[in-house]
>>> print(open('upload13.cif').read())   # mmCIF, C-alpha atoms (C1' of nucleotides)
data_run
loop_
_atom_site.label_atom_id
_atom_site.label_comp_id
_atom_site.auth_asym_id
_atom_site.auth_seq_id
_atom_site.Cartn_x
_atom_site.Cartn_y
_atom_site.Cartn_z
CA MET A 1 -56.19 -25.88 -15.54
CA SER A 2 -53.20 -24.51 -13.69
CA ASP A 3 -50.72 -25.58 -16.34
CA LEU A 4 -50.23 -22.18 -17.90
CA ILE A 5 -49.88 -20.32 -14.63
CA LEU A 6 -47.28 -22.74 -13.29
CA LYS A 7 -45.25 -22.37 -16.46
CA ASN A 8 -45.49 -18.62 -16.04
CA ILE A 9 -44.18 -18.79 -12.50
CA ARG A 10 -41.45 -21.31 -13.25
CA ARG A 11 -39.98 -18.81 -15.65
CA HIS A 12 -39.03 -16.72 -12.61
CA ILE A 13 -38.67 -18.97 -9.58
CA SER A 14 -38.64 -22.66 -8.75
CA MET A 15 -40.87 -24.44 -6.28
CA THR A 16 -40.83 -27.93 -4.81
CA SER A 17 -43.74 -30.13 -5.76
CA THR A 18 -45.16 -29.77 -2.25
CA GLU A 19 -45.06 -26.03 -2.67
CA GLU A 20 -46.69 -26.29 -6.06
CA ASP A 21 -49.47 -28.39 -4.56
CA LEU A 22 -50.13 -25.83 -1.86
CA PHE A 23 -50.14 -23.09 -4.43
CA LYS A 24 -52.50 -24.94 -6.74
CA SER A 25 -54.88 -25.66 -3.90
CA LEU A 26 -55.38 -21.93 -3.38
CA LEU A 27 -56.11 -21.02 -6.98
CA LYS A 28 -59.61 -20.15 -8.07
CA HIS A 29 -61.15 -19.92 -11.48
CA ARG A 30 -63.56 -17.50 -13.01
CA VAL A 31 -65.31 -17.21 -16.36
CA LEU A 32 -66.33 -13.82 -17.71
CA ARG A 33 -68.46 -13.20 -20.76
CA LYS A 34 -67.56 -10.36 -23.07
CA ARG A 35 -68.31 -6.93 -21.58
CA TYR A 36 -68.36 -8.22 -18.01
CA PHE A 37 -66.20 -6.61 -15.36
CA LEU A 38 -63.47 -8.34 -13.44
CA VAL A 39 -62.96 -5.28 -11.26
CA GLN A 40 -65.12 -2.19 -10.93
CA ALA A 41 -63.95 1.20 -9.74
CA GLY A 42 -65.00 1.56 -6.13
CA ASP A 43 -64.53 -2.13 -5.38
CA ILE A 44 -61.61 -3.22 -3.33
CA CYS A 45 -59.45 -5.39 -5.53
CA ARG A 46 -58.63 -8.40 -3.36
CA SER A 47 -57.05 -10.71 -5.92
CA GLU A 48 -54.33 -11.01 -8.48
CA HIS A 49 -55.65 -12.39 -11.76
CA PHE A 50 -53.91 -14.44 -14.40
CA VAL A 51 -55.56 -14.58 -17.81
CA THR A 52 -55.94 -18.07 -19.29
CA LYS A 53 -58.33 -17.16 -22.07
CA GLY A 54 -59.54 -14.00 -23.73
CA CYS A 55 -58.60 -10.39 -23.31
CA PHE A 56 -59.08 -7.54 -20.86
CA ARG A 57 -58.65 -3.82 -20.63
CA ALA A 58 -58.00 -1.77 -17.50
CA PHE A 59 -59.31 1.77 -17.70
CA ALA A 60 -60.17 4.81 -15.63
CA THR A 61 -63.19 7.03 -16.15
CA ASP A 62 -62.73 10.77 -15.74
CA LYS A 63 -65.29 13.22 -14.39
CA GLU A 64 -66.65 13.92 -17.89
CA GLY A 65 -67.35 10.22 -18.23
CA ASN A 66 -64.60 9.48 -20.73
CA ASP A 67 -62.66 6.23 -20.54
CA HIS A 68 -58.89 6.07 -20.58
CA ASN A 69 -57.31 2.69 -21.14
CA LEU A 70 -54.27 2.05 -19.01
CA MET A 71 -53.32 -1.47 -19.99
CA PHE A 72 -54.44 -4.58 -21.76
CA ALA A 73 -53.96 -8.22 -20.86
CA VAL A 74 -54.27 -11.41 -22.88
CA GLU A 75 -53.43 -15.04 -22.15
CA ASP A 76 -50.40 -15.51 -19.91
CA TRP A 77 -50.60 -11.99 -18.48
CA TRP A 78 -51.39 -10.85 -14.95
CA ILE A 79 -53.90 -8.11 -14.33
CA SER A 80 -55.39 -6.30 -11.34
CA ASP A 81 -55.74 -2.84 -9.88
CA MET A 82 -52.38 -3.13 -8.19
CA GLN A 83 -52.88 0.09 -6.28
CA SER A 84 -56.13 -1.10 -4.74
CA TYR A 85 -54.70 -4.55 -4.11
CA LEU A 86 -51.68 -3.18 -2.31
CA THR A 87 -53.35 -0.49 -0.26
CA GLY A 88 -56.78 -1.98 0.33
CA MET A 89 -58.32 1.26 -0.90
CA PRO A 90 -61.18 1.30 -3.43
CA ALA A 91 -60.09 0.67 -7.00
CA THR A 92 -59.74 3.60 -9.35
CA LEU A 93 -59.65 1.26 -12.33
CA ASN A 94 -62.22 -0.84 -14.09
CA ILE A 95 -61.17 -4.10 -15.68
CA GLU A 96 -63.45 -5.32 -18.44
CA ALA A 97 -63.44 -8.47 -20.56
CA LEU A 98 -63.16 -7.59 -24.24
CA GLU A 99 -63.88 -11.18 -25.26
CA ASP A 100 -65.35 -14.21 -23.52
CA SER A 101 -62.55 -14.80 -21.06
CA GLU A 102 -61.27 -16.88 -18.19
CA VAL A 103 -58.91 -16.09 -15.35
CA ILE A 104 -57.20 -17.94 -12.59
CA TYR A 105 -57.00 -15.81 -9.51
CA ILE A 106 -55.60 -15.90 -6.04
CA GLU A 107 -56.93 -13.91 -3.15
CA LYS A 108 -54.77 -11.58 -1.13
CA LYS A 109 -55.18 -13.52 2.11
CA ASP A 110 -54.03 -16.68 0.36
CA LEU A 111 -51.17 -14.98 -1.40
CA ASP A 112 -50.02 -13.55 1.93
CA ARG A 113 -50.07 -17.06 3.33
CA ILE A 114 -48.01 -18.25 0.36
CA PHE A 115 -45.44 -15.55 1.08
CA ASP A 116 -44.99 -17.09 4.51
CA GLU A 117 -44.89 -20.70 3.44
CA ILE A 118 -43.06 -20.33 0.13
CA PRO A 119 -40.39 -17.68 0.72
CA SER A 120 -39.28 -17.68 -2.91
CA PHE A 121 -42.72 -16.41 -3.80
CA ASN A 122 -41.82 -13.04 -2.35
CA LYS A 123 -39.35 -12.74 -5.17
CA PHE A 124 -41.96 -13.66 -7.75
CA PHE A 125 -44.32 -11.01 -6.55
CA ARG A 126 -41.58 -8.45 -6.33
CA LEU A 127 -40.79 -9.18 -9.96
CA LEU A 128 -44.43 -8.72 -10.87
CA LEU A 129 -44.44 -5.36 -9.13
CA GLN A 130 -41.10 -4.38 -10.64
CA ASN A 131 -42.25 -5.13 -14.15
CA ALA A 132 -45.44 -3.21 -13.64
CA PHE A 133 -43.40 -0.32 -12.30
CA ILE A 134 -40.99 -0.34 -15.20
CA SER A 135 -43.67 -0.47 -17.84
CA GLN A 136 -45.39 2.44 -16.15
CA GLN A 137 -42.24 4.49 -16.13
CA GLN A 138 -41.72 3.82 -19.82
CA ARG A 139 -45.28 4.79 -20.47
CA ILE A 140 -44.88 8.12 -18.67
CA LEU A 141 -41.72 8.89 -20.58
CA SER A 142 -43.33 7.99 -23.86
CA THR A 143 -46.41 10.11 -23.16
CA ILE A 144 -44.20 13.03 -22.29
CA SER A 145 -41.65 12.90 -25.03
CA ASN A 146 -43.18 11.26 -28.09
CA THR A 147 -45.79 12.38 -30.60
CA ALA A 148 -48.99 10.43 -31.07
CA GLU A 149 -47.58 8.82 -34.21
CA GLU A 150 -44.43 7.67 -32.45
CA ARG A 151 -46.44 6.28 -29.57
CA TYR A 152 -48.58 4.34 -32.01
CA ALA A 153 -45.50 2.88 -33.68
CA MET A 154 -44.16 1.82 -30.28
CA PHE A 155 -47.47 0.31 -29.33
CA ILE A 156 -47.62 -1.82 -32.46
CA LYS A 157 -44.07 -2.96 -31.96
CA LYS A 158 -44.58 -3.90 -28.33
CA TYR A 159 -48.14 -5.20 -28.42
CA ALA A 160 -48.52 -6.55 -31.94
CA ILE A 161 -50.66 -9.44 -30.72
CA ILE A 162 -53.00 -7.19 -28.83
CA GLU A 163 -53.32 -4.61 -31.58
CA GLN A 164 -54.89 -7.17 -33.89
CA ARG A 165 -57.37 -8.30 -31.32
CA ILE A 166 -58.92 -5.20 -29.90
CA PRO A 167 -61.04 -2.44 -31.41
CA GLN A 168 -59.05 0.46 -32.71
CA HIS A 169 -60.77 3.03 -30.52
CA HIS A 170 -59.44 1.23 -27.45
CA VAL A 171 -55.93 1.64 -28.80
CA ALA A 172 -56.69 5.31 -29.40
CA SER A 173 -57.79 5.68 -25.80
CA TYR A 174 -54.62 3.95 -24.64
CA LEU A 175 -52.50 6.31 -26.72
CA GLY A 176 -54.42 9.32 -25.44
CA VAL A 177 -55.81 10.47 -28.79
CA SER A 178 -59.29 10.52 -30.28
CA PRO A 179 -60.39 7.64 -32.53
CA GLU A 180 -60.48 10.04 -35.47
CA THR A 181 -56.89 11.08 -34.90
CA LEU A 182 -55.70 7.49 -34.72
CA SER A 183 -57.54 6.72 -37.92
CA ARG A 184 -55.73 9.58 -39.65
CA ILE A 185 -52.40 8.54 -38.22
CA ARG A 186 -52.90 5.06 -39.62
CA ARG A 187 -53.74 6.41 -43.04
CA GLN A 188 -50.63 8.57 -43.17
CA TRP A 189 -48.61 5.65 -41.96
CA GLN A 190 -49.91 3.41 -44.75
CA GLU A 191 -49.26 6.05 -47.38
CA LYS A 192 -45.74 6.38 -46.12
CA THR A 193 -44.88 2.68 -46.10
CA SER A 194 -46.59 1.70 -49.35
CA MET B 1 -25.33 11.53 10.10
CA SER B 2 -27.69 8.57 9.77
CA ASP B 3 -30.26 10.01 12.14
CA LEU B 4 -32.72 11.13 9.50
CA ILE B 5 -32.56 7.93 7.47
CA LEU B 6 -33.14 5.75 10.53
CA LYS B 7 -36.16 7.79 11.47
CA ASN B 8 -37.42 7.39 7.94
CA ILE B 9 -37.08 3.63 8.09
CA ARG B 10 -38.51 3.29 11.59
CA ARG B 11 -41.69 4.81 10.26
CA HIS B 12 -42.23 1.57 8.32
CA ILE B 13 -40.41 -1.27 10.06
CA SER B 14 -38.55 -1.90 13.30
CA MET B 15 -35.00 -3.19 13.64
CA THR B 16 -33.00 -4.43 16.60
CA SER B 17 -30.03 -2.31 17.55
CA THR B 18 -27.67 -4.95 16.13
CA GLU B 19 -29.51 -4.74 12.85
CA GLU B 20 -29.36 -0.97 12.92
CA ASP B 21 -25.63 -1.14 13.48
CA LEU B 22 -25.15 -3.41 10.50
CA PHE B 23 -27.29 -1.16 8.38
CA LYS B 24 -25.46 1.97 9.46
CA SER B 25 -22.11 0.37 8.72
CA LEU B 26 -23.08 -0.03 5.08
CA LEU B 27 -24.25 3.51 4.48
CA LYS B 28 -22.15 5.90 2.44
CA HIS B 29 -22.28 9.61 2.09
CA ARG B 30 -21.94 11.91 -0.88
CA VAL B 31 -21.90 15.66 -1.32
CA LEU B 32 -23.03 17.22 -4.60
CA ARG B 33 -22.68 20.84 -5.59
CA LYS B 34 -25.51 22.48 -7.45
CA ARG B 35 -25.82 21.29 -11.07
CA TYR B 36 -23.86 18.11 -10.43
CA PHE B 37 -25.31 14.76 -11.42
CA LEU B 38 -26.07 11.96 -9.01
CA VAL B 39 -26.98 9.66 -11.90
CA GLN B 40 -26.40 10.14 -15.61
CA ALA B 41 -28.36 8.46 -18.39
CA GLY B 42 -26.27 5.58 -19.65
CA ASP B 43 -24.80 4.84 -16.22
CA ILE B 44 -25.93 1.81 -14.36
CA CYS B 45 -27.61 3.01 -11.20
CA ARG B 46 -26.18 0.81 -8.45
CA SER B 47 -27.46 2.58 -5.36
CA GLU B 48 -30.54 3.82 -3.62
CA HIS B 49 -30.13 7.40 -2.43
CA PHE B 50 -31.68 9.16 0.52
CA VAL B 51 -31.56 12.96 0.45
CA THR B 52 -30.33 14.58 3.67
CA LYS B 53 -29.80 18.06 2.29
CA GLY B 54 -30.79 19.96 -0.82
CA CYS B 55 -32.94 19.07 -3.75
CA PHE B 56 -32.84 16.93 -6.89
CA ARG B 57 -34.71 16.41 -10.10
CA ALA B 58 -34.93 13.23 -12.15
CA PHE B 59 -35.44 13.81 -15.84
CA ALA B 60 -35.25 12.18 -19.25
CA THR B 61 -33.90 13.82 -22.39
CA ASP B 62 -35.71 13.13 -25.66
CA LYS B 63 -34.11 12.91 -29.07
CA GLU B 64 -34.67 16.62 -29.74
CA GLY B 65 -32.65 17.33 -26.61
CA ASN B 66 -35.56 18.50 -24.48
CA ASP B 67 -35.70 17.64 -20.79
CA HIS B 68 -38.75 16.14 -19.13
CA ASN B 69 -38.81 16.11 -15.35
CA LEU B 70 -40.22 12.96 -13.84
CA MET B 71 -39.83 13.60 -10.14
CA PHE B 72 -38.25 15.79 -7.55
CA ALA B 73 -36.75 14.88 -4.20
CA VAL B 74 -35.89 16.94 -1.15
CA GLU B 75 -34.75 16.09 2.36
CA ASP B 76 -36.19 12.82 3.71
CA TRP B 77 -36.98 11.46 0.22
CA TRP B 78 -35.49 8.54 -1.64
CA ILE B 79 -34.37 8.89 -5.23
CA SER B 80 -32.77 6.70 -7.88
CA ASP B 81 -33.41 5.41 -11.37
CA MET B 82 -35.40 2.50 -9.98
CA GLN B 83 -35.62 0.88 -13.38
CA SER B 84 -31.87 0.81 -13.85
CA TYR B 85 -31.31 -0.21 -10.24
CA LEU B 86 -33.69 -3.14 -10.51
CA THR B 87 -32.70 -4.42 -13.93
CA GLY B 88 -29.03 -3.52 -14.05
CA MET B 89 -29.64 -1.90 -17.43
CA PRO B 90 -28.26 1.57 -18.25
CA ALA B 91 -30.25 4.41 -16.72
CA THR B 92 -32.69 6.31 -18.89
CA LEU B 93 -32.89 9.07 -16.31
CA ASN B 94 -30.56 11.81 -15.21
CA ILE B 95 -30.63 12.94 -11.60
CA GLU B 96 -29.29 16.43 -11.01
CA ALA B 97 -28.75 18.47 -7.85
CA LEU B 98 -30.75 21.68 -8.01
CA GLU B 99 -29.03 23.03 -4.91
CA ASP B 100 -25.86 22.15 -3.01
CA SER B 101 -26.97 18.77 -1.70
CA GLU B 102 -26.04 15.71 0.29
CA VAL B 103 -27.24 12.12 0.12
CA ILE B 104 -26.78 8.97 2.08
CA TYR B 105 -26.68 6.00 -0.23
CA ILE B 106 -26.46 2.28 -0.06
CA GLU B 107 -25.13 0.11 -2.84
CA LYS B 108 -27.13 -2.69 -4.35
CA LYS B 109 -24.74 -5.40 -3.24
CA ASP B 110 -24.99 -4.17 0.35
CA LEU B 111 -28.74 -3.79 0.20
CA ASP B 112 -29.03 -7.34 -1.11
CA ARG B 113 -26.95 -8.47 1.85
CA ILE B 114 -29.26 -6.57 4.17
CA PHE B 115 -32.26 -8.36 2.67
CA ASP B 116 -30.67 -11.63 3.75
CA GLU B 117 -29.62 -10.56 7.21
CA ILE B 118 -32.52 -8.31 8.10
CA PRO B 119 -35.63 -10.01 6.68
CA SER B 120 -37.93 -7.15 7.66
CA PHE B 121 -35.98 -5.00 5.26
CA ASN B 122 -37.63 -6.79 2.37
CA LYS B 123 -40.84 -5.25 3.51
CA PHE B 124 -39.30 -1.81 3.68
CA PHE B 125 -38.04 -2.03 0.15
CA ARG B 126 -41.30 -3.43 -1.10
CA LEU B 127 -43.04 -0.43 0.43
CA LEU B 128 -40.59 1.88 -1.30
CA LEU B 129 -41.36 0.19 -4.61
CA GLN B 130 -45.09 0.14 -3.94
CA ASN B 131 -45.21 3.81 -3.17
CA ALA B 132 -43.21 4.64 -6.25
CA PHE B 133 -45.58 2.48 -8.28
CA ILE B 134 -48.68 4.08 -6.85
CA SER B 135 -47.48 7.61 -7.37
CA GLN B 136 -46.65 6.73 -10.96
CA GLN B 137 -50.09 5.32 -11.56
CA GLN B 138 -51.67 8.46 -10.17
CA ARG B 139 -49.43 10.51 -12.35
CA ILE B 140 -50.47 8.64 -15.48
CA LEU B 141 -54.14 9.01 -14.62
CA SER B 142 -53.71 12.69 -13.93
CA THR B 143 -51.86 13.29 -17.19
CA ILE B 144 -54.61 11.50 -19.05
CA SER B 145 -57.66 12.99 -17.47
CA ASN B 146 -56.82 16.46 -16.15
CA THR B 147 -56.12 19.76 -17.87
CA ALA B 148 -52.80 21.52 -17.40
CA GLU B 149 -54.43 23.91 -14.95
CA GLU B 150 -55.84 21.08 -12.83
CA ARG B 151 -52.51 19.31 -12.83
CA TYR B 152 -50.82 22.49 -11.63
CA ALA B 153 -53.32 22.85 -8.81
CA MET B 154 -52.67 19.25 -7.78
CA PHE B 155 -48.95 19.75 -7.96
CA ILE B 156 -49.06 22.76 -5.66
CA LYS B 157 -51.29 20.95 -3.24
CA LYS B 158 -49.11 17.85 -3.10
CA TYR B 159 -45.66 19.39 -3.41
CA ALA B 160 -46.06 22.81 -1.85
CA ILE B 161 -42.60 22.66 -0.31
CA ILE B 162 -40.97 21.77 -3.59
CA GLU B 163 -42.85 24.32 -5.65
CA GLN B 164 -41.33 27.16 -3.66
CA ARG B 165 -37.83 25.84 -4.02
CA ILE B 166 -37.38 25.06 -7.67
CA PRO B 167 -37.39 27.21 -10.82
CA GLN B 168 -40.78 27.48 -12.42
CA HIS B 169 -39.68 26.06 -15.75
CA HIS B 170 -38.84 22.79 -14.01
CA VAL B 171 -42.39 22.60 -12.74
CA ALA B 172 -43.61 23.29 -16.28
CA SER B 173 -41.51 20.43 -17.58
CA TYR B 174 -42.89 18.16 -14.87
CA LEU B 175 -46.44 19.11 -15.82
CA GLY B 176 -45.72 18.60 -19.49
CA VAL B 177 -46.38 22.17 -20.61
CA SER B 178 -44.12 24.93 -21.93
CA PRO B 179 -42.80 27.54 -19.49
CA GLU B 180 -44.89 30.17 -21.28
CA THR B 181 -48.06 28.20 -20.77
CA LEU B 182 -47.36 27.70 -17.07
CA SER B 183 -46.71 31.39 -16.70
CA ARG B 184 -50.10 32.15 -18.26
CA ILE B 185 -51.83 29.55 -16.13
CA ARG B 186 -50.39 31.17 -13.02
CA ARG B 187 -51.55 34.61 -14.09
CA GLN B 188 -55.11 33.43 -14.71
CA TRP B 189 -55.02 31.64 -11.41
CA GLN B 190 -54.00 34.83 -9.56
CA GLU B 191 -56.66 36.89 -11.29
CA LYS B 192 -59.25 34.34 -10.29
CA THR B 193 -58.31 34.17 -6.60
CA SER B 194 -57.70 37.85 -5.97
"C1'" DC C 1 -20.21 45.67 -14.77
"C1'" DG C 2 -21.92 42.44 -18.13
"C1'" DC C 3 -23.61 38.12 -19.01
"C1'" DG C 4 -26.73 34.39 -18.50
"C1'" DA C 5 -30.76 32.42 -16.39
"C1'" DC C 6 -35.47 33.12 -15.61
"C1'" DG C 7 -40.12 34.71 -16.07
"C1'" DT C 8 -43.52 37.38 -18.70
"C1'" DT C 9 -46.11 38.94 -22.61
"C1'" DG C 10 -47.62 39.23 -27.48
"C1'" DA C 11 -48.21 37.29 -32.24
"C1'" DT C 12 -48.54 33.42 -35.00
"C1'" DT C 13 -48.89 28.58 -36.04
"C1'" DT C 14 -50.31 23.93 -35.43
"C1'" DG C 15 -51.71 19.50 -33.79
"C1'" DC C 16 -55.52 17.59 -32.17
"C1'" DC C 17 -60.36 17.74 -30.66
"C1'" DT C 18 -65.15 18.15 -31.59
"C1'" DC C 19 -69.01 17.81 -34.41
"C1'" DA C 20 -71.24 15.74 -38.20
"C1'" DA C 21 -72.15 12.57 -41.78
"C1'" DC C 22 -71.58 8.19 -43.97
"C1'" DG C 23 -70.46 3.19 -45.21
"C1'" DA C 24 -69.42 -1.35 -43.55
"C1'" DT C 25 -69.90 -4.85 -40.34
"C1'" DT C 26 -71.86 -7.20 -36.48
"C1'" DG C 27 -75.47 -8.46 -33.53
"C1'" DT C 28 -80.27 -9.08 -32.25
"C1'" DG C 29 -85.17 -9.48 -31.69
"C1'" DG C 30 -89.43 -10.26 -34.06
"C1'" DC D 1 -84.02 -15.57 -41.50
"C1'" DC D 2 -84.44 -11.04 -42.38
"C1'" DA D 3 -84.75 -6.19 -40.94
"C1'" DC D 4 -83.25 -2.93 -38.04
"C1'" DA D 5 -80.15 -1.17 -34.55
"C1'" DA D 6 -75.75 -0.68 -32.67
"C1'" DT D 7 -70.88 -0.60 -33.15
"C1'" DC D 8 -66.91 0.70 -35.50
"C1'" DG D 9 -63.89 3.04 -38.60
"C1'" DT D 10 -63.32 6.80 -41.93
"C1'" DT D 11 -63.49 11.41 -43.79
"C1'" DG D 12 -64.37 16.45 -43.87
"C1'" DA D 13 -65.00 21.09 -41.70
"C1'" DG D 14 -64.26 24.22 -38.11
"C1'" DG D 15 -62.41 25.65 -33.69
"C1'" DC D 16 -59.40 25.82 -29.75
"C1'" DA D 17 -55.71 25.05 -26.52
"C1'" DA D 18 -51.13 25.02 -26.30
"C1'" DA D 19 -46.62 25.18 -28.83
"C1'" DT D 20 -43.45 28.06 -31.04
"C1'" DC D 21 -41.10 32.23 -32.05
"C1'" DA D 22 -39.63 36.59 -30.58
"C1'" DA D 23 -38.82 40.47 -27.64
"C1'" DC D 24 -38.14 42.43 -23.22
"C1'" DG D 25 -37.46 43.27 -18.05
"C1'" DT D 26 -35.35 41.63 -13.84
"C1'" DC D 27 -32.38 39.43 -10.94
"C1'" DG D 28 -28.18 37.18 -9.35
"C1'" DC D 29 -23.56 35.91 -10.08
"C1'" DG D 30 -18.89 35.56 -11.83
#
>>> encode(input="upload13.cif", output="structure tokens")
Amino acid sequence: MSDLILKNIRRHISMTSTEEDLFKSLLKHRVLRKRYFLVQAGDICRSEHFVTKGCFRAFATDKEGNDHNLMFAVEDWWISDMQSYLTGMPATLNIEALEDSEVIYIEKKDLDRIFDEIPSFNKFFRLLLQNAFISQQQRILSTISNTAEERYAMFIKKYAIIEQRIPQHHVASYLGVSPETLSRIRRQWQEKTS
Amino acid sequence: MSDLILKNIRRHISMTSTEEDLFKSLLKHRVLRKRYFLVQAGDICRSEHFVTKGCFRAFATDKEGNDHNLMFAVEDWWISDMQSYLTGMPATLNIEALEDSEVIYIEKKDLDRIFDEIPSFNKFFRLLLQNAFISQQQRILSTISNTAEERYAMFIKKYAIIEQRIPQHHVASYLGVSPETLSRIRRQWQEKTS
DNA sequence: CGCGACGTTGATTTGCCTCAACGATTGTGG
DNA sequence: CCACAATCGTTGAGGCAAATCAACGTCGCG
């Protein structure tokens, strides 16, 4: 079960087999059917989740009731409401399974213990946070300085795997345009490249 | 000289006086006249900077040559191109002094040494990163789900000090609207509240 | 003094949203 | 297993918020 997650971690840090055993002993597993929520806004997000099967979206709902997708995650990706996890405040994000999915997760109290007992794990988590930070900064810059069409091109390039798996209107929401607009962008794009 | 920065750090962690001495010995100081650049896009950003005097903006330039302000910093704030600092890749941001300014800075190699010798400093830096992350997430959500007028109201509320100090067109760029639009928003706002 | 930077206002344009209708596909309950 | 509903993507028409373009007044600075 924990094969994939250990591979993921070994890409960044190395652990002794004793450390790996401790780590594995603290992992938990959860199965979510399509349309079920891993995290709901208002909850306190007390775990970091690693996707082993399926696909998720993290989104915020505005006061008009419209969704805005912030990120997606498929196999081998981590997902959580990092803000809620870090601060202990209620989550502003919802995380929903877009397919029948499975995650391995680790609770904050256990992860904090791991930080103490496996010092190199601090580095791993810092990398997780760094990468999240960097991808957010790129996203802000791209929202600010690119047109919807350019953002779509970037999205396809960066998330080709995801783009084929999720409904188009979720991509539209991620890009910050209406489904109709994305549909028209795609048409123009096809006309151009054909 | 290092009074302000020590106060800033003591708000988050505590150090022994030996540790403080080590830390202080690694600090450097830099004076920048108005319109000078602390970081230029393309540089590798090798320091974290703490503002002791004046005011800065961090911005990206798109391919049409338009600026987009990402953040501001005044006294008692930290500023850098975190992405470049963390990854060692060339900076995508420019950081410019908007007034005659001064910073205390610490180079990456020295900060890495501090992480080894003052373990609690890891926590301080993690907090710095966390806060940057959280404010970015809030910014993304606000860009997505609020109108320009709402974002302006939030900006004033959160950065009242800054708003009075910097040219209005820089605020417009931060909010992602044209200077003309911000000017009109302000007029409507005055009419409403008078 | 004269120039440039900044903010304001008006006129025009435009990119995108909203609303509406429709076909195709998927899912579901009788 | 079929019929009906729901979901999803597409297309067209109309409207609006904000960008762009342009002109002008004011202030501060070299």
>>> residues_around(input="upload13.cif", residues="segment 174-179 of chain A", least_positions_apart="3", cutoff="6 Å", atoms="all atoms listed in the file", output="VMD selection string")
chain A and resid 69 to 70 169 171 182
>>> write_last_selection(input="upload13.cif", atoms="C-alpha atoms", output="PDB file, in the coordinates of the input")
ATOM      1  CA  ASN A  69     -57.310   2.690 -21.140  1.00  0.00           C
ATOM      2  CA  LEU A  70     -54.270   2.050 -19.010  1.00  0.00           C
ATOM      3  CA  HIS A 169     -60.770   3.030 -30.520  1.00  0.00           C
ATOM      4  CA  VAL A 171     -55.930   1.640 -28.800  1.00  0.00           C
ATOM      5  CA  LEU A 182     -55.700   7.490 -34.720  1.00  0.00           C
TER       6      LEU A 182
END
>>> interface_residues(input="upload13.cif", of="chain A", to="chain B", cutoff="12 Å", atoms="only C-alpha atoms", output="PyMOL selection string")
chain A and resi 58-71+81-87+89+91-93+115-116+119+122-123+125-147+173-177
>>> resolve_selection(input="upload13.cif", expression="the PyMOL selection byres ((chain A) within 10 of (chain D))", output="short mmCIF file (atom, residue, chain, number, x, y, z; two decimals) with C-alpha atoms, in the frame of the given file")
data_model
loop_
_atom_site.label_atom_id
_atom_site.label_comp_id
_atom_site.auth_asym_id
_atom_site.auth_seq_id
_atom_site.Cartn_x
_atom_site.Cartn_y
_atom_site.Cartn_z
CA PRO A 167 -61.04 -2.44 -31.41
CA GLN A 168 -59.05 0.46 -32.71
CA HIS A 169 -60.77 3.03 -30.52
CA PRO A 179 -60.39 7.64 -32.53
CA GLU A 180 -60.48 10.04 -35.47
CA SER A 183 -57.54 6.72 -37.92
CA ARG A 184 -55.73 9.58 -39.65
CA ARG A 187 -53.74 6.41 -43.04
#
>>> resolve_selection(input="upload13.cif", expression="the PyMOL selection byres ((chain C) within 10 of (chain B))", output="number ranges by chain")
C: 6-9
>>> residues_around(input="upload13.cif", residues="Val103 of chain B", least_positions_apart="2", cutoff="6 Å", atoms="all atoms listed in the file", output="PDB file with C-alpha atoms, keeping the file's coordinate frame")
ATOM      1  CA  HIS B  29     -22.280   9.610   2.090  1.00  0.00           C
ATOM      2  CA  ARG B  30     -21.940  11.910  -0.880  1.00  0.00           C
ATOM      3  CA  PHE B  50     -31.680   9.160   0.520  1.00  0.00           C
ATOM      4  CA  VAL B  51     -31.560  12.960   0.450  1.00  0.00           C
ATOM      5  CA  THR B  52     -30.330  14.580   3.670  1.00  0.00           C
TER       6      THR B  52
END
>>> closest_residue(input="upload13.cif", among="B:Met1, B:Ile118, B:Leu111, B:Ala73", to="Met15 of chain B", atoms="only C-alpha atoms")
B:Ile118
>>> residues_around(input="upload13.cif", residues="Val39 of chain A", least_positions_apart="2", cutoff="9 Å", atoms="all atoms listed in the file", output="list in words")
Phe37, Ala41, Gly42, Asp43, Ile44, Cys45, Ala58, Ser80, Asp81, Ala91, Leu93, Asn94, Ile95 and Glu96 of chain A
>>> write_last_selection(input="upload13.cif", atoms="C-alpha atoms", output="mmCIF file, in the frame of the given file")
data_model
loop_
_atom_site.group_PDB
_atom_site.id
_atom_site.type_symbol
_atom_site.label_atom_id
_atom_site.label_comp_id
_atom_site.auth_asym_id
_atom_site.auth_seq_id
_atom_site.Cartn_x
_atom_site.Cartn_y
_atom_site.Cartn_z
ATOM 1 C CA PHE A 37 -66.200 -6.610 -15.360
ATOM 2 C CA ALA A 41 -63.950 1.200 -9.740
ATOM 3 C CA GLY A 42 -65.000 1.560 -6.130
ATOM 4 C CA ASP A 43 -64.530 -2.130 -5.380
ATOM 5 C CA ILE A 44 -61.610 -3.220 -3.330
ATOM 6 C CA CYS A 45 -59.450 -5.390 -5.530
ATOM 7 C CA ALA A 58 -58.000 -1.770 -17.500
ATOM 8 C CA SER A 80 -55.390 -6.300 -11.340
ATOM 9 C CA ASP A 81 -55.740 -2.840 -9.880
ATOM 10 C CA ALA A 91 -60.090 0.670 -7.000
ATOM 11 C CA LEU A 93 -59.650 1.260 -12.330
ATOM 12 C CA ASN A 94 -62.220 -0.840 -14.090
ATOM 13 C CA ILE A 95 -61.170 -4.100 -15.680
ATOM 14 C CA GLU A 96 -63.450 -5.320 -18.440
#
>>> atom_distance(input="upload13.cif", atom1="atom CA of Glu48 of chain A", atom2="atom CA of Lys108 of chain A")
7.4 Å
>>> axis_aligned_box(input="upload13.cif", around="segment 6-15 of chain C", padding_each_side="8 Å", output="JSON")
{"center_x": -43.6, "center_y": 29.4, "center_z": -25.8, "size_x": 32.2, "size_y": 35.7, "size_z": 36.4}
